[in-house]
>>> print(open('input.pdb').read())   # PDB, C-alpha atoms and all ligand atoms
ATOM      1  CA  MET J  12      81.475  12.160  20.920  1.00  0.00           C
ATOM      2  CA  MET J  13      82.432  15.756  20.034  1.00  0.00           C
ATOM      3  CA  ASN J  14      85.717  17.456  19.363  1.00  0.00           C
ATOM      4  CA  THR J  15      86.803  20.031  16.790  1.00  0.00           C
ATOM      5  CA  LEU J  16      87.869  17.485  14.189  1.00  0.00           C
ATOM      6  CA  THR J  17      85.075  14.940  14.366  1.00  0.00           C
ATOM      7  CA  LYS J  18      81.533  15.616  15.393  1.00  0.00           C
ATOM      8  CA  GLU J  19      79.878  12.229  15.359  1.00  0.00           C
ATOM      9  CA  LEU J  20      76.104  12.196  15.654  1.00  0.00           C
ATOM     10  CA  GLN J  21      73.714   9.577  16.918  1.00  0.00           C
ATOM     11  CA  PHE J  22      70.209  10.033  15.536  1.00  0.00           C
ATOM     12  CA  THR J  23      67.085   9.010  17.409  1.00  0.00           C
ATOM     13  CA  VAL J  24      65.498   5.953  15.773  1.00  0.00           C
ATOM     14  CA  ARG J  25      61.728   5.924  15.960  1.00  0.00           C
ATOM     15  CA  GLY J  26      61.234   2.207  15.494  1.00  0.00           C
ATOM     16  CA  ASP J  27      58.247  -0.010  15.938  1.00  0.00           C
ATOM     17  CA  GLU J  28      57.212  -3.460  14.746  1.00  0.00           C
ATOM     18  CA  ARG J  29      56.943  -2.113  11.157  1.00  0.00           C
ATOM     19  CA  GLY J  30      60.559  -0.965  11.002  1.00  0.00           C
ATOM     20  CA  SER J  31      62.667   2.088  11.732  1.00  0.00           C
ATOM     21  CA  LEU J  32      62.501   5.795  10.976  1.00  0.00           C
ATOM     22  CA  VAL J  33      64.981   8.638  11.501  1.00  0.00           C
ATOM     23  CA  ALA J  34      63.709  12.214  11.108  1.00  0.00           C
ATOM     24  CA  LEU J  35      66.105  15.131  10.638  1.00  0.00           C
ATOM     25  CA  GLU J  36      64.887  18.717  10.568  1.00  0.00           C
ATOM     26  CA  SER J  37      66.529  22.087  10.075  1.00  0.00           C
ATOM     27  CA  LEU J  38      67.854  23.610  13.287  1.00  0.00           C
ATOM     28  CA  CYS J  39      67.349  20.467  15.352  1.00  0.00           C
ATOM     29  CA  GLU J  40      70.006  19.287  17.801  1.00  0.00           C
ATOM     30  CA  GLN J  41      71.733  17.106  15.198  1.00  0.00           C
ATOM     31  CA  VAL J  42      71.372  19.505  12.248  1.00  0.00           C
ATOM     32  CA  PRO J  43      72.264  22.930  13.697  1.00  0.00           C
ATOM     33  CA  PHE J  44      71.562  24.841  10.465  1.00  0.00           C
ATOM     34  CA  GLU J  45      68.786  25.480   7.997  1.00  0.00           C
ATOM     35  CA  ILE J  46      68.902  22.754   5.319  1.00  0.00           C
ATOM     36  CA  LYS J  47      69.265  24.403   1.905  1.00  0.00           C
ATOM     37  CA  ARG J  48      70.435  21.410  -0.138  1.00  0.00           C
ATOM     38  CA  VAL J  49      70.222  17.627  -0.031  1.00  0.00           C
ATOM     39  CA  TYR J  50      72.359  15.404  -2.240  1.00  0.00           C
ATOM     40  CA  TYR J  51      73.323  11.773  -2.197  1.00  0.00           C
ATOM     41  CA  ILE J  52      76.211   9.751  -3.519  1.00  0.00           C
ATOM     42  CA  PHE J  53      75.659   6.171  -4.665  1.00  0.00           C
ATOM     43  CA  GLY J  54      77.058   3.543  -7.045  1.00  0.00           C
ATOM     44  CA  THR J  55      80.586   4.498  -6.015  1.00  0.00           C
ATOM     45  CA  ASP J  56      83.472   2.276  -7.051  1.00  0.00           C
ATOM     46  CA  PRO J  57      84.823   0.707  -3.796  1.00  0.00           C
ATOM     47  CA  GLU J  58      88.345   1.699  -4.931  1.00  0.00           C
ATOM     48  CA  ALA J  59      87.388   5.356  -5.458  1.00  0.00           C
ATOM     49  CA  VAL J  60      88.397   8.167  -3.148  1.00  0.00           C
ATOM     50  CA  ARG J  61      85.952  11.101  -3.321  1.00  0.00           C
ATOM     51  CA  GLY J  62      85.936  14.499  -1.685  1.00  0.00           C
ATOM     52  CA  LYS J  63      89.598  15.545  -1.321  1.00  0.00           C
ATOM     53  CA  HIS J  64      88.666  19.106  -0.455  1.00  0.00           C
ATOM     54  CA  ALA J  65      87.672  21.445   2.347  1.00  0.00           C
ATOM     55  CA  HIS J  66      85.016  24.148   2.294  1.00  0.00           C
ATOM     56  CA  HIS J  67      85.493  27.778   3.212  1.00  0.00           C
ATOM     57  CA  LYS J  68      82.015  28.086   4.759  1.00  0.00           C
ATOM     58  CA  LEU J  69      79.772  25.106   4.053  1.00  0.00           C
ATOM     59  CA  LYS J  70      78.290  23.110   6.933  1.00  0.00           C
ATOM     60  CA  GLN J  71      77.171  19.555   6.259  1.00  0.00           C
ATOM     61  CA  VAL J  72      75.709  16.496   7.966  1.00  0.00           C
ATOM     62  CA  LEU J  73      76.620  13.150   6.372  1.00  0.00           C
ATOM     63  CA  VAL J  74      74.824   9.862   6.883  1.00  0.00           C
ATOM     64  CA  CYS J  75      75.087   6.504   5.113  1.00  0.00           C
ATOM     65  CA  VAL J  76      71.425   5.614   4.726  1.00  0.00           C
ATOM     66  CA  SER J  77      72.547   2.334   3.135  1.00  0.00           C
ATOM     67  CA  GLY J  78      75.872   0.482   3.320  1.00  0.00           C
ATOM     68  CA  ALA J  79      79.034   2.081   4.640  1.00  0.00           C
ATOM     69  CA  CYS J  80      82.013   4.269   3.831  1.00  0.00           C
ATOM     70  CA  ASP J  81      84.909   5.901   5.643  1.00  0.00           C
ATOM     71  CA  ILE J  82      85.216   9.660   6.083  1.00  0.00           C
ATOM     72  CA  ARG J  83      88.813  10.721   6.566  1.00  0.00           C
ATOM     73  CA  MET J  84      89.134  14.177   8.112  1.00  0.00           C
ATOM     74  CA  ASP J  85      92.096  16.474   8.537  1.00  0.00           C
ATOM     75  CA  ASP J  86      92.173  19.860  10.287  1.00  0.00           C
ATOM     76  CA  GLY J  87      95.724  20.660   9.210  1.00  0.00           C
ATOM     77  CA  LYS J  88      97.189  19.192  12.423  1.00  0.00           C
ATOM     78  CA  GLU J  89      95.307  16.056  13.236  1.00  0.00           C
ATOM     79  CA  ARG J  90      93.710  13.324  11.117  1.00  0.00           C
ATOM     80  CA  LYS J  91      90.887  11.012  11.981  1.00  0.00           C
ATOM     81  CA  THR J  92      88.780   8.486  10.080  1.00  0.00           C
ATOM     82  CA  VAL J  93      85.179   7.734  10.997  1.00  0.00           C
ATOM     83  CA  ARG J  94      83.271   4.816   9.481  1.00  0.00           C
ATOM     84  CA  LEU J  95      79.655   5.633   8.732  1.00  0.00           C
ATOM     85  CA  ASP J  96      77.977   2.238   8.732  1.00  0.00           C
ATOM     86  CA  HIS J  97      74.482   2.748  10.106  1.00  0.00           C
ATOM     87  CA  PRO J  98      71.547   5.000   9.115  1.00  0.00           C
ATOM     88  CA  ALA J  99      71.355   6.288  12.703  1.00  0.00           C
ATOM     89  CA  LYS J 100      74.967   7.437  12.696  1.00  0.00           C
ATOM     90  CA  GLY J 101      75.976  10.798  11.257  1.00  0.00           C
ATOM     91  CA  LEU J 102      78.867  13.166  10.983  1.00  0.00           C
ATOM     92  CA  TYR J 103      78.791  16.950  11.190  1.00  0.00           C
ATOM     93  CA  ILE J 104      81.498  18.647   9.130  1.00  0.00           C
ATOM     94  CA  GLU J 105      81.967  22.392   9.453  1.00  0.00           C
ATOM     95  CA  GLY J 106      84.909  24.742   9.467  1.00  0.00           C
ATOM     96  CA  LEU J 107      88.101  24.122   7.598  1.00  0.00           C
ATOM     97  CA  ILE J 108      88.127  20.328   7.547  1.00  0.00           C
ATOM     98  CA  TYR J 109      89.797  18.674   4.557  1.00  0.00           C
ATOM     99  CA  HIS J 110      87.822  15.497   3.974  1.00  0.00           C
ATOM    100  CA  GLU J 111      87.931  12.401   1.814  1.00  0.00           C
ATOM    101  CA  MET J 112      85.390   9.596   1.439  1.00  0.00           C
ATOM    102  CA  LEU J 113      86.685   6.103   0.730  1.00  0.00           C
ATOM    103  CA  ASN J 114      86.176   2.358   1.262  1.00  0.00           C
ATOM    104  CA  PHE J 115      82.633   2.541  -0.075  1.00  0.00           C
ATOM    105  CA  SER J 116      80.548  -0.612   0.104  1.00  0.00           C
ATOM    106  CA  ARG J 117      78.791  -1.374  -3.202  1.00  0.00           C
ATOM    107  CA  ASP J 118      75.388  -0.636  -1.612  1.00  0.00           C
ATOM    108  CA  CYS J 119      76.513   2.674  -0.066  1.00  0.00           C
ATOM    109  CA  VAL J 120      74.151   5.623  -0.336  1.00  0.00           C
ATOM    110  CA  LEU J 121      75.766   8.604   1.368  1.00  0.00           C
ATOM    111  CA  LEU J 122      73.158  11.276   2.092  1.00  0.00           C
ATOM    112  CA  VAL J 123      74.365  14.825   2.731  1.00  0.00           C
ATOM    113  CA  LEU J 124      72.408  17.748   4.194  1.00  0.00           C
ATOM    114  CA  ALA J 125      74.014  21.122   3.518  1.00  0.00           C
ATOM    115  CA  ASP J 126      73.403  24.685   4.678  1.00  0.00           C
ATOM    116  CA  ALA J 127      73.917  26.283   1.248  1.00  0.00           C
ATOM    117  CA  PRO J 128      73.390  25.657  -2.452  1.00  0.00           C
ATOM    118  CA  TYR J 129      76.233  24.230  -4.527  1.00  0.00           C
ATOM    119  CA  TYR J 130      78.944  26.851  -4.988  1.00  0.00           C
ATOM    120  CA  GLU J 131      82.245  25.781  -6.546  1.00  0.00           C
ATOM    121  CA  LYS J 132      84.122  28.825  -5.164  1.00  0.00           C
ATOM    122  CA  ASP J 133      83.528  27.504  -1.638  1.00  0.00           C
ATOM    123  CA  TYR J 134      85.764  24.485  -2.379  1.00  0.00           C
ATOM    124  CA  ILE J 135      89.457  24.336  -1.451  1.00  0.00           C
ATOM    125  CA  ARG J 136      90.691  21.439  -3.550  1.00  0.00           C
ATOM    126  CA  ASP J 137      94.431  21.990  -3.359  1.00  0.00           C
ATOM    127  CA  TYR J 138      95.824  20.510  -0.127  1.00  0.00           C
ATOM    128  CA  ASN J 139      98.809  22.898   0.059  1.00  0.00           C
ATOM    129  CA  LYS J 140      96.501  25.880  -0.410  1.00  0.00           C
ATOM    130  CA  TYR J 141      94.292  24.404   2.314  1.00  0.00           C
ATOM    131  CA  LEU J 142      97.252  24.258   4.733  1.00  0.00           C
ATOM    132  CA  GLU J 143      98.119  27.898   3.915  1.00  0.00           C
ATOM    133  CA  ILE J 144      94.550  28.997   4.678  1.00  0.00           C
ATOM    134  CA  VAL J 145      94.549  27.059   7.983  1.00  0.00           C
ATOM    135  CA  LYS J 146      97.812  28.797   8.921  1.00  0.00           C
ATOM    136  CA  GLU J 147      96.451  32.238   7.978  1.00  0.00           C
ATOM    137  CA  LYS J 148      93.337  31.683  10.108  1.00  0.00           C
ATOM    138  CA  ALA J 149      95.466  30.541  13.069  1.00  0.00           C
ATOM    139  CA  ASN J 150      97.637  33.687  12.710  1.00  0.00           C
ATOM    140  CA  GLU J 151      94.519  35.902  12.588  1.00  0.00           C
ATOM    141  CA  ARG J 152      93.342  34.318  15.857  1.00  0.00           C
ATOM    142  CA  THR J 153      96.662  34.908  17.661  1.00  0.00           C
ATOM    143  CA  ASN J 154      97.097  38.524  16.358  1.00  0.00           C
TER     144      ASN J 154
HETATM  145  C1  LIG F   1      81.427  17.178  -0.048  1.00  0.00           C
HETATM  146  C2  LIG F   1      81.397  15.701  -0.159  1.00  0.00           C
HETATM  147  C3  LIG F   1      80.944  15.042   1.124  1.00  0.00           C
HETATM  148  C4  LIG F   1      76.575  19.562  -8.268  1.00  0.00           C
HETATM  149  O1  LIG F   1      76.294  19.953  -9.410  1.00  0.00           O
HETATM  150  N1  LIG F   1      75.802  19.909  -7.201  1.00  0.00           N
HETATM  151  C5  LIG F   1      76.080  19.499  -5.927  1.00  0.00           C
HETATM  152  O2  LIG F   1      75.314  19.844  -5.009  1.00  0.00           O
HETATM  153  C6  LIG F   1      77.235  18.685  -5.716  1.00  0.00           C
HETATM  154  C7  LIG F   1      77.575  18.221  -4.322  1.00  0.00           C
HETATM  155  C8  LIG F   1      78.000  18.347  -6.796  1.00  0.00           C
HETATM  156  N2  LIG F   1      77.672  18.773  -8.035  1.00  0.00           N
HETATM  157  C9  LIG F   1      78.477  18.346  -9.188  1.00  0.00           C
HETATM  158  C10 LIG F   1      79.915  18.862  -9.187  1.00  0.00           C
HETATM  159  C11 LIG F   1      80.672  17.756  -9.909  1.00  0.00           C
HETATM  160  O3  LIG F   1      80.585  17.957 -11.277  1.00  0.00           O
HETATM  161  O4  LIG F   1      78.580  16.925  -9.146  1.00  0.00           O
HETATM  162  C12 LIG F   1      79.869  16.498  -9.552  1.00  0.00           C
HETATM  163  C13 LIG F   1      80.541  15.643  -8.478  1.00  0.00           C
HETATM  164  O5  LIG F   1      80.822  16.481  -7.344  1.00  0.00           O
HETATM  165  P1  LIG F   1      82.168  16.312  -6.461  1.00  0.00           P
HETATM  166  O6  LIG F   1      83.259  15.825  -7.302  1.00  0.00           O
HETATM  167  O7  LIG F   1      82.376  17.603  -5.716  1.00  0.00           O
HETATM  168  O8  LIG F   1      81.707  15.162  -5.434  1.00  0.00           O
HETATM  169  P2  LIG F   1      82.460  14.580  -4.158  1.00  0.00           P
HETATM  170  O9  LIG F   1      81.826  13.290  -3.855  1.00  0.00           O
HETATM  171  O10 LIG F   1      83.934  14.585  -4.341  1.00  0.00           O
HETATM  172  O11 LIG F   1      82.145  15.632  -2.983  1.00  0.00           O
HETATM  173  C14 LIG F   1      80.807  15.823  -2.526  1.00  0.00           C
HETATM  174  C15 LIG F   1      80.482  17.314  -2.394  1.00  0.00           C
HETATM  175  O12 LIG F   1      80.785  17.991  -3.627  1.00  0.00           O
HETATM  176  C16 LIG F   1      81.268  17.981  -1.293  1.00  0.00           C
HETATM  177  O13 LIG F   1      80.724  19.254  -0.993  1.00  0.00           O
HETATM  178  O14 LIG F   1      81.723  17.720   1.002  1.00  0.00           O
HETATM  179  O15 LIG F   1      80.612  15.204  -1.254  1.00  0.00           O
END
>>> encode(input="input.pdb", output="structure tokens")
Amino acid sequence: MMNTLTKELQFTVRGDERGSLVALESLCEQVPFEIKRVYYIFGTDPEAVRGKHAHHKLKQVLVCVSGACDIRMDDGKERKTVRLDHPAKGLYIEGLIYHEMLNFSRDCVLLVLADAPYYEKDYIRDYNKYLEIVKEKANERTN
């Protein structure tokens, strides 16, 4: 299912009698960018809410390779929550999407593929500033 706010991905599972395998490569259908960074989040307190930011430019694909968590997304107008609860299910986040991760299971390992190295200046952590930037971009498009 694809729309501007949520881009849910279904990965091909190459399973056989030994078990299952998902392969993700740069510039494939599900990862439409060159992978420059991989990080993973684990051992998260189930009560914790992580993220709480948007990125100016970063593109990312998220997948829970173990356990589950919710990804709550906001484009400044609409909000939607997607539960990542299977290693073959992913989420593509790009553009100005304010996102939070919450309701982590204790065994959750959230794997993230990103198109750029870590760069703190790419983060928009203040929600009001985020809304201002969304508004500015919308004005630029209409002018
Ligand atoms: C995002 C969501 C899905 C690094 O040094 N390198 C890295 O590549 C990352 C991602 C983080 N860090 C440091 C920065 C902080 O001192 O690790 C610490 C925790 O990072 P942060 O609080 O940003 O983690 P989350 O879980 O709130 O957000 C992360 C990503 O930062 C973010 O880009 O979209 O996961």
>>> residues_near_ligand(input="input.pdb", ligand="ligand LIG 1 (chain F)", cutoff="10 Å", atoms="only C-alpha atoms and all ligand atoms", output="PyMOL selection string")
chain J and resi 48-53+55+59-66+69-74+82+104-105+108-113+121-125+127-131+133-134+136
>>> residues_around(input="input.pdb", residues="Leu142 (chain J)", least_positions_apart="5", cutoff="9 Å", atoms="all atoms listed in the file", output="count of residues only")
4
>>> atom_distance(input="input.pdb", atom1="CA of Glu143 (chain J)", atom2="CA of Lys68 (chain J)")
16.1 Å
>>> atom_distance(input="input.pdb", atom1="CA of Gly101 (chain J)", atom2="CA of Ile46 (chain J)")
15.1 Å
>>> residues_around(input="input.pdb", residues="Thr17 (chain J)", least_positions_apart="3", cutoff="10 Å", atoms="all atoms listed in the file", output="NGL selection string")
:J and (12-14 or 20 or 82-86 or 90-93 or 102-105 or 108)
>>> atom_distance(input="input.pdb", atom1="CA of Leu32 (chain J)", atom2="CA of Cys119 (chain J)")
18.1 Å
>>> resolve_selection(input="input.pdb", expression="the PyMOL selection byres (((chain J and resi 96) around 9) and not hetatm)", output="PyMOL selection string")
chain J and resi 74-81+94-95+97-100+119
>>> resolve_selection(input="input.pdb", expression="the PyMOL selection byres (((chain J and resi 24) around 9) and not hetatm)", output="number ranges by chain")
J: 22-23, 25-26, 31-34, 99
>>> closest_residue(input="input.pdb", among="J:Gly106, J:Asp126, J:Asn114, J:Asn150", to="Glu36 (chain J)", atoms="only C-alpha atoms")
J:Asp126
>>> closest_residue(input="input.pdb", among="J:Pro43, J:Glu58, J:Leu107, J:Lys146", to="Leu16 (chain J)", atoms="only C-alpha atoms")
J:Leu107
>>> axis_aligned_box(input="input.pdb", around="region 123-130 of chain J", padding_each_side="6 Å", output="JSON")
{"center_x": 75.7, "center_y": 20.8, "center_z": -0.2, "size_x": 18.5, "size_y": 24.0, "size_z": 21.7}
>>> decode(input="input.pdb", residues="region 14-140 of chain J", atoms="C-alpha atoms", output="PDB file, in the first residue's frame")
ATOM      1  CA  ASN J  14       0.522   6.939  -0.210  1.00  0.00           C
ATOM      2  CA  THR J  15       2.547  10.021   0.702  1.00  0.00           C
ATOM      3  CA  LEU J  16       2.387   9.439   4.446  1.00  0.00           C
ATOM      4  CA  THR J  17       2.984   5.711   4.704  1.00  0.00           C
ATOM      5  CA  LYS J  18       4.925   3.612   2.278  1.00  0.00           C
ATOM      6  CA  GLU J  19       4.553   0.090   3.570  1.00  0.00           C
ATOM      7  CA  LEU J  20       6.797  -2.524   2.003  1.00  0.00           C
ATOM      8  CA  GLN J  21       6.419  -6.251   1.629  1.00  0.00           C
ATOM      9  CA  PHE J  22       9.752  -8.001   1.152  1.00  0.00           C
ATOM     10  CA  THR J  23      10.157 -11.201  -0.824  1.00  0.00           C
ATOM     11  CA  VAL J  24      10.888 -14.122   1.516  1.00  0.00           C
ATOM     12  CA  ARG J  25      13.199 -16.709   0.029  1.00  0.00           C
ATOM     13  CA  GLY J  26      12.203 -19.603   2.246  1.00  0.00           C
ATOM     14  CA  ASP J  27      12.900 -23.277   2.053  1.00  0.00           C
ATOM     15  CA  GLU J  28      12.825 -26.197   4.474  1.00  0.00           C
ATOM     16  CA  ARG J  29      15.833 -24.698   6.338  1.00  0.00           C
ATOM     17  CA  GLY J  30      14.086 -21.421   7.129  1.00  0.00           C
ATOM     18  CA  SER J  31      13.584 -17.973   5.662  1.00  0.00           C
ATOM     19  CA  LEU J  32      15.770 -15.286   4.130  1.00  0.00           C
ATOM     20  CA  VAL J  33      15.065 -11.697   3.066  1.00  0.00           C
ATOM     21  CA  ALA J  34      17.683  -9.918   0.935  1.00  0.00           C
ATOM     22  CA  LEU J  35      17.688  -6.134   0.549  1.00  0.00           C
ATOM     23  CA  GLU J  36      20.072  -4.377  -1.812  1.00  0.00           C
ATOM     24  CA  SER J  37      20.777  -0.771  -2.702  1.00  0.00           C
ATOM     25  CA  LEU J  38      18.562   0.564  -5.479  1.00  0.00           C
ATOM     26  CA  CYS J  39      16.234  -2.432  -5.487  1.00  0.00           C
ATOM     27  CA  GLU J  40      12.467  -1.982  -5.720  1.00  0.00           C
ATOM     28  CA  GLN J  41      12.038  -1.860  -1.936  1.00  0.00           C
ATOM     29  CA  VAL J  42      15.160   0.201  -1.167  1.00  0.00           C
ATOM     30  CA  PRO J  43      15.156   2.955  -3.820  1.00  0.00           C
ATOM     31  CA  PHE J  44      18.464   4.495  -2.693  1.00  0.00           C
ATOM     32  CA  GLU J  45      22.087   3.582  -2.190  1.00  0.00           C
ATOM     33  CA  ILE J  46      22.512   2.250   1.368  1.00  0.00           C
ATOM     34  CA  LYS J  47      25.132   4.353   3.161  1.00  0.00           C
ATOM     35  CA  ARG J  48      24.361   3.409   6.768  1.00  0.00           C
ATOM     36  CA  VAL J  49      22.796   0.544   8.693  1.00  0.00           C
ATOM     37  CA  TYR J  50      21.836   0.832  12.352  1.00  0.00           C
ATOM     38  CA  TYR J  51      19.614  -1.122  14.666  1.00  0.00           C
ATOM     39  CA  ILE J  52      17.697  -0.364  17.818  1.00  0.00           C
ATOM     40  CA  PHE J  53      17.225  -3.061  20.450  1.00  0.00           C
ATOM     41  CA  GLY J  54      16.675  -3.524  24.194  1.00  0.00           C
ATOM     42  CA  THR J  55      14.158  -0.681  24.169  1.00  0.00           C
ATOM     43  CA  ASP J  56      11.977  -0.124  27.214  1.00  0.00           C
ATOM     44  CA  PRO J  57       8.382  -0.988  26.116  1.00  0.00           C
ATOM     45  CA  GLU J  58       7.242   2.309  27.697  1.00  0.00           C
ATOM     46  CA  ALA J  59       9.775   4.384  25.735  1.00  0.00           C
ATOM     47  CA  VAL J  60       8.889   6.606  22.814  1.00  0.00           C
ATOM     48  CA  ARG J  61      11.850   7.096  20.445  1.00  0.00           C
ATOM     49  CA  GLY J  62      12.304   9.184  17.338  1.00  0.00           C
ATOM     50  CA  LYS J  63      10.158  12.315  17.813  1.00  0.00           C
ATOM     51  CA  HIS J  64      11.759  14.059  14.864  1.00  0.00           C
ATOM     52  CA  ALA J  65      11.657  14.502  11.109  1.00  0.00           C
ATOM     53  CA  HIS J  66      14.579  14.661   8.701  1.00  0.00           C
ATOM     54  CA  HIS J  67      15.265  17.389   6.184  1.00  0.00           C
ATOM     55  CA  LYS J  68      16.680  14.966   3.594  1.00  0.00           C
ATOM     56  CA  LEU J  69      17.286  11.475   4.954  1.00  0.00           C
ATOM     57  CA  LYS J  70      15.575   8.479   3.350  1.00  0.00           C
ATOM     58  CA  GLN J  71      15.184   5.325   5.409  1.00  0.00           C
ATOM     59  CA  VAL J  72      13.736   1.818   5.279  1.00  0.00           C
ATOM     60  CA  LEU J  73      12.698   0.360   8.650  1.00  0.00           C
ATOM     61  CA  VAL J  74      12.119  -3.296   9.425  1.00  0.00           C
ATOM     62  CA  CYS J  75      11.605  -5.163  12.702  1.00  0.00           C
ATOM     63  CA  VAL J  76      13.834  -8.179  12.159  1.00  0.00           C
ATOM     64  CA  SER J  77      12.687  -9.450  15.567  1.00  0.00           C
ATOM     65  CA  GLY J  78       9.616  -8.578  17.649  1.00  0.00           C
ATOM     66  CA  ALA J  79       7.433  -5.578  16.918  1.00  0.00           C
ATOM     67  CA  CYS J  80       6.958  -1.856  17.400  1.00  0.00           C
ATOM     68  CA  ASP J  81       4.653   0.890  16.184  1.00  0.00           C
ATOM     69  CA  ILE J  82       5.804   3.692  13.895  1.00  0.00           C
ATOM     70  CA  ARG J  83       3.631   6.767  14.247  1.00  0.00           C
ATOM     71  CA  MET J  84       3.948   9.141  11.298  1.00  0.00           C
ATOM     72  CA  ASP J  85       2.758  12.682  10.784  1.00  0.00           C
ATOM     73  CA  ASP J  86       3.075  14.802   7.632  1.00  0.00           C
ATOM     74  CA  GLY J  87       1.798  17.971   9.285  1.00  0.00           C
ATOM     75  CA  LYS J  88      -1.802  17.263   8.205  1.00  0.00           C
ATOM     76  CA  GLU J  89      -2.449  13.599   8.638  1.00  0.00           C
ATOM     77  CA  ARG J  90      -1.269  11.001  11.159  1.00  0.00           C
ATOM     78  CA  LYS J  91      -0.983   7.282  10.761  1.00  0.00           C
ATOM     79  CA  THR J  92       0.481   4.446  12.821  1.00  0.00           C
ATOM     80  CA  VAL J  93       1.912   1.309  11.243  1.00  0.00           C
ATOM     81  CA  ARG J  94       2.836  -1.752  13.301  1.00  0.00           C
ATOM     82  CA  LEU J  95       6.001  -3.444  12.108  1.00  0.00           C
ATOM     83  CA  ASP J  96       5.618  -6.994  13.370  1.00  0.00           C
ATOM     84  CA  HIS J  97       7.240  -9.250  10.792  1.00  0.00           C
ATOM     85  CA  PRO J  98      10.737  -9.412   9.237  1.00  0.00           C
ATOM     86  CA  ALA J  99       9.168  -9.339   5.759  1.00  0.00           C
ATOM     87  CA  LYS J 100       7.329  -6.094   6.437  1.00  0.00           C
ATOM     88  CA  GLY J 101       9.034  -2.730   6.036  1.00  0.00           C
ATOM     89  CA  LEU J 102       8.358   0.956   5.983  1.00  0.00           C
ATOM     90  CA  TYR J 103       9.915   3.566   3.717  1.00  0.00           C
ATOM     91  CA  ILE J 104      10.188   7.005   5.312  1.00  0.00           C
ATOM     92  CA  GLU J 105      11.303   9.929   3.177  1.00  0.00           C
ATOM     93  CA  GLY J 106      10.406  13.578   2.937  1.00  0.00           C
ATOM     94  CA  LEU J 107       9.243  15.651   5.838  1.00  0.00           C
ATOM     95  CA  ILE J 108       7.617  12.970   7.974  1.00  0.00           C
ATOM     96  CA  TYR J 109       7.695  13.507  11.738  1.00  0.00           C
ATOM     97  CA  HIS J 110       7.965  10.031  13.212  1.00  0.00           C
ATOM     98  CA  GLU J 111       7.910   8.325  16.581  1.00  0.00           C
ATOM     99  CA  MET J 112       8.577   4.692  17.489  1.00  0.00           C
ATOM    100  CA  LEU J 113       6.672   3.209  20.412  1.00  0.00           C
ATOM    101  CA  ASN J 114       5.048   0.086  21.889  1.00  0.00           C
ATOM    102  CA  PHE J 115       8.259  -1.892  21.515  1.00  0.00           C
ATOM    103  CA  SER J 116       8.132  -5.579  22.361  1.00  0.00           C
ATOM    104  CA  ARG J 117      11.015  -6.640  24.634  1.00  0.00           C
ATOM    105  CA  ASP J 118      12.540  -8.715  21.802  1.00  0.00           C
ATOM    106  CA  CYS J 119      12.273  -5.906  19.223  1.00  0.00           C
ATOM    107  CA  VAL J 120      15.249  -5.330  16.949  1.00  0.00           C
ATOM    108  CA  LEU J 121      14.424  -2.459  14.610  1.00  0.00           C
ATOM    109  CA  LEU J 122      16.815  -2.446  11.652  1.00  0.00           C
ATOM    110  CA  VAL J 123      17.168   0.771   9.654  1.00  0.00           C
ATOM    111  CA  LEU J 124      18.782   1.252   6.237  1.00  0.00           C
ATOM    112  CA  ALA J 125      19.625   4.874   5.468  1.00  0.00           C
ATOM    113  CA  ASP J 126      20.835   6.776   2.414  1.00  0.00           C
ATOM    114  CA  ALA J 127      23.345   8.948   4.302  1.00  0.00           C
ATOM    115  CA  PRO J 128      25.737   8.887   7.240  1.00  0.00           C
ATOM    116  CA  TYR J 129      24.581  10.191  10.616  1.00  0.00           C
ATOM    117  CA  TYR J 130      24.248  13.974  10.499  1.00  0.00           C
ATOM    118  CA  GLU J 131      22.625  15.736  13.454  1.00  0.00           C
ATOM    119  CA  LYS J 132      21.860  18.892  11.416  1.00  0.00           C
ATOM    120  CA  ASP J 133      19.461  16.845   9.276  1.00  0.00           C
ATOM    121  CA  TYR J 134      17.173  16.338  12.303  1.00  0.00           C
ATOM    122  CA  ILE J 135      14.135  18.523  13.021  1.00  0.00           C
ATOM    123  CA  ARG J 136      13.398  17.703  16.641  1.00  0.00           C
ATOM    124  CA  ASP J 137      11.095  20.568  17.546  1.00  0.00           C
ATOM    125  CA  TYR J 138       7.526  19.798  16.431  1.00  0.00           C
ATOM    126  CA  ASN J 139       6.509  23.469  16.056  1.00  0.00           C
ATOM    127  CA  LYS J 140       9.588  24.144  13.933  1.00  0.00           C
TER     128      LYS J 140
END
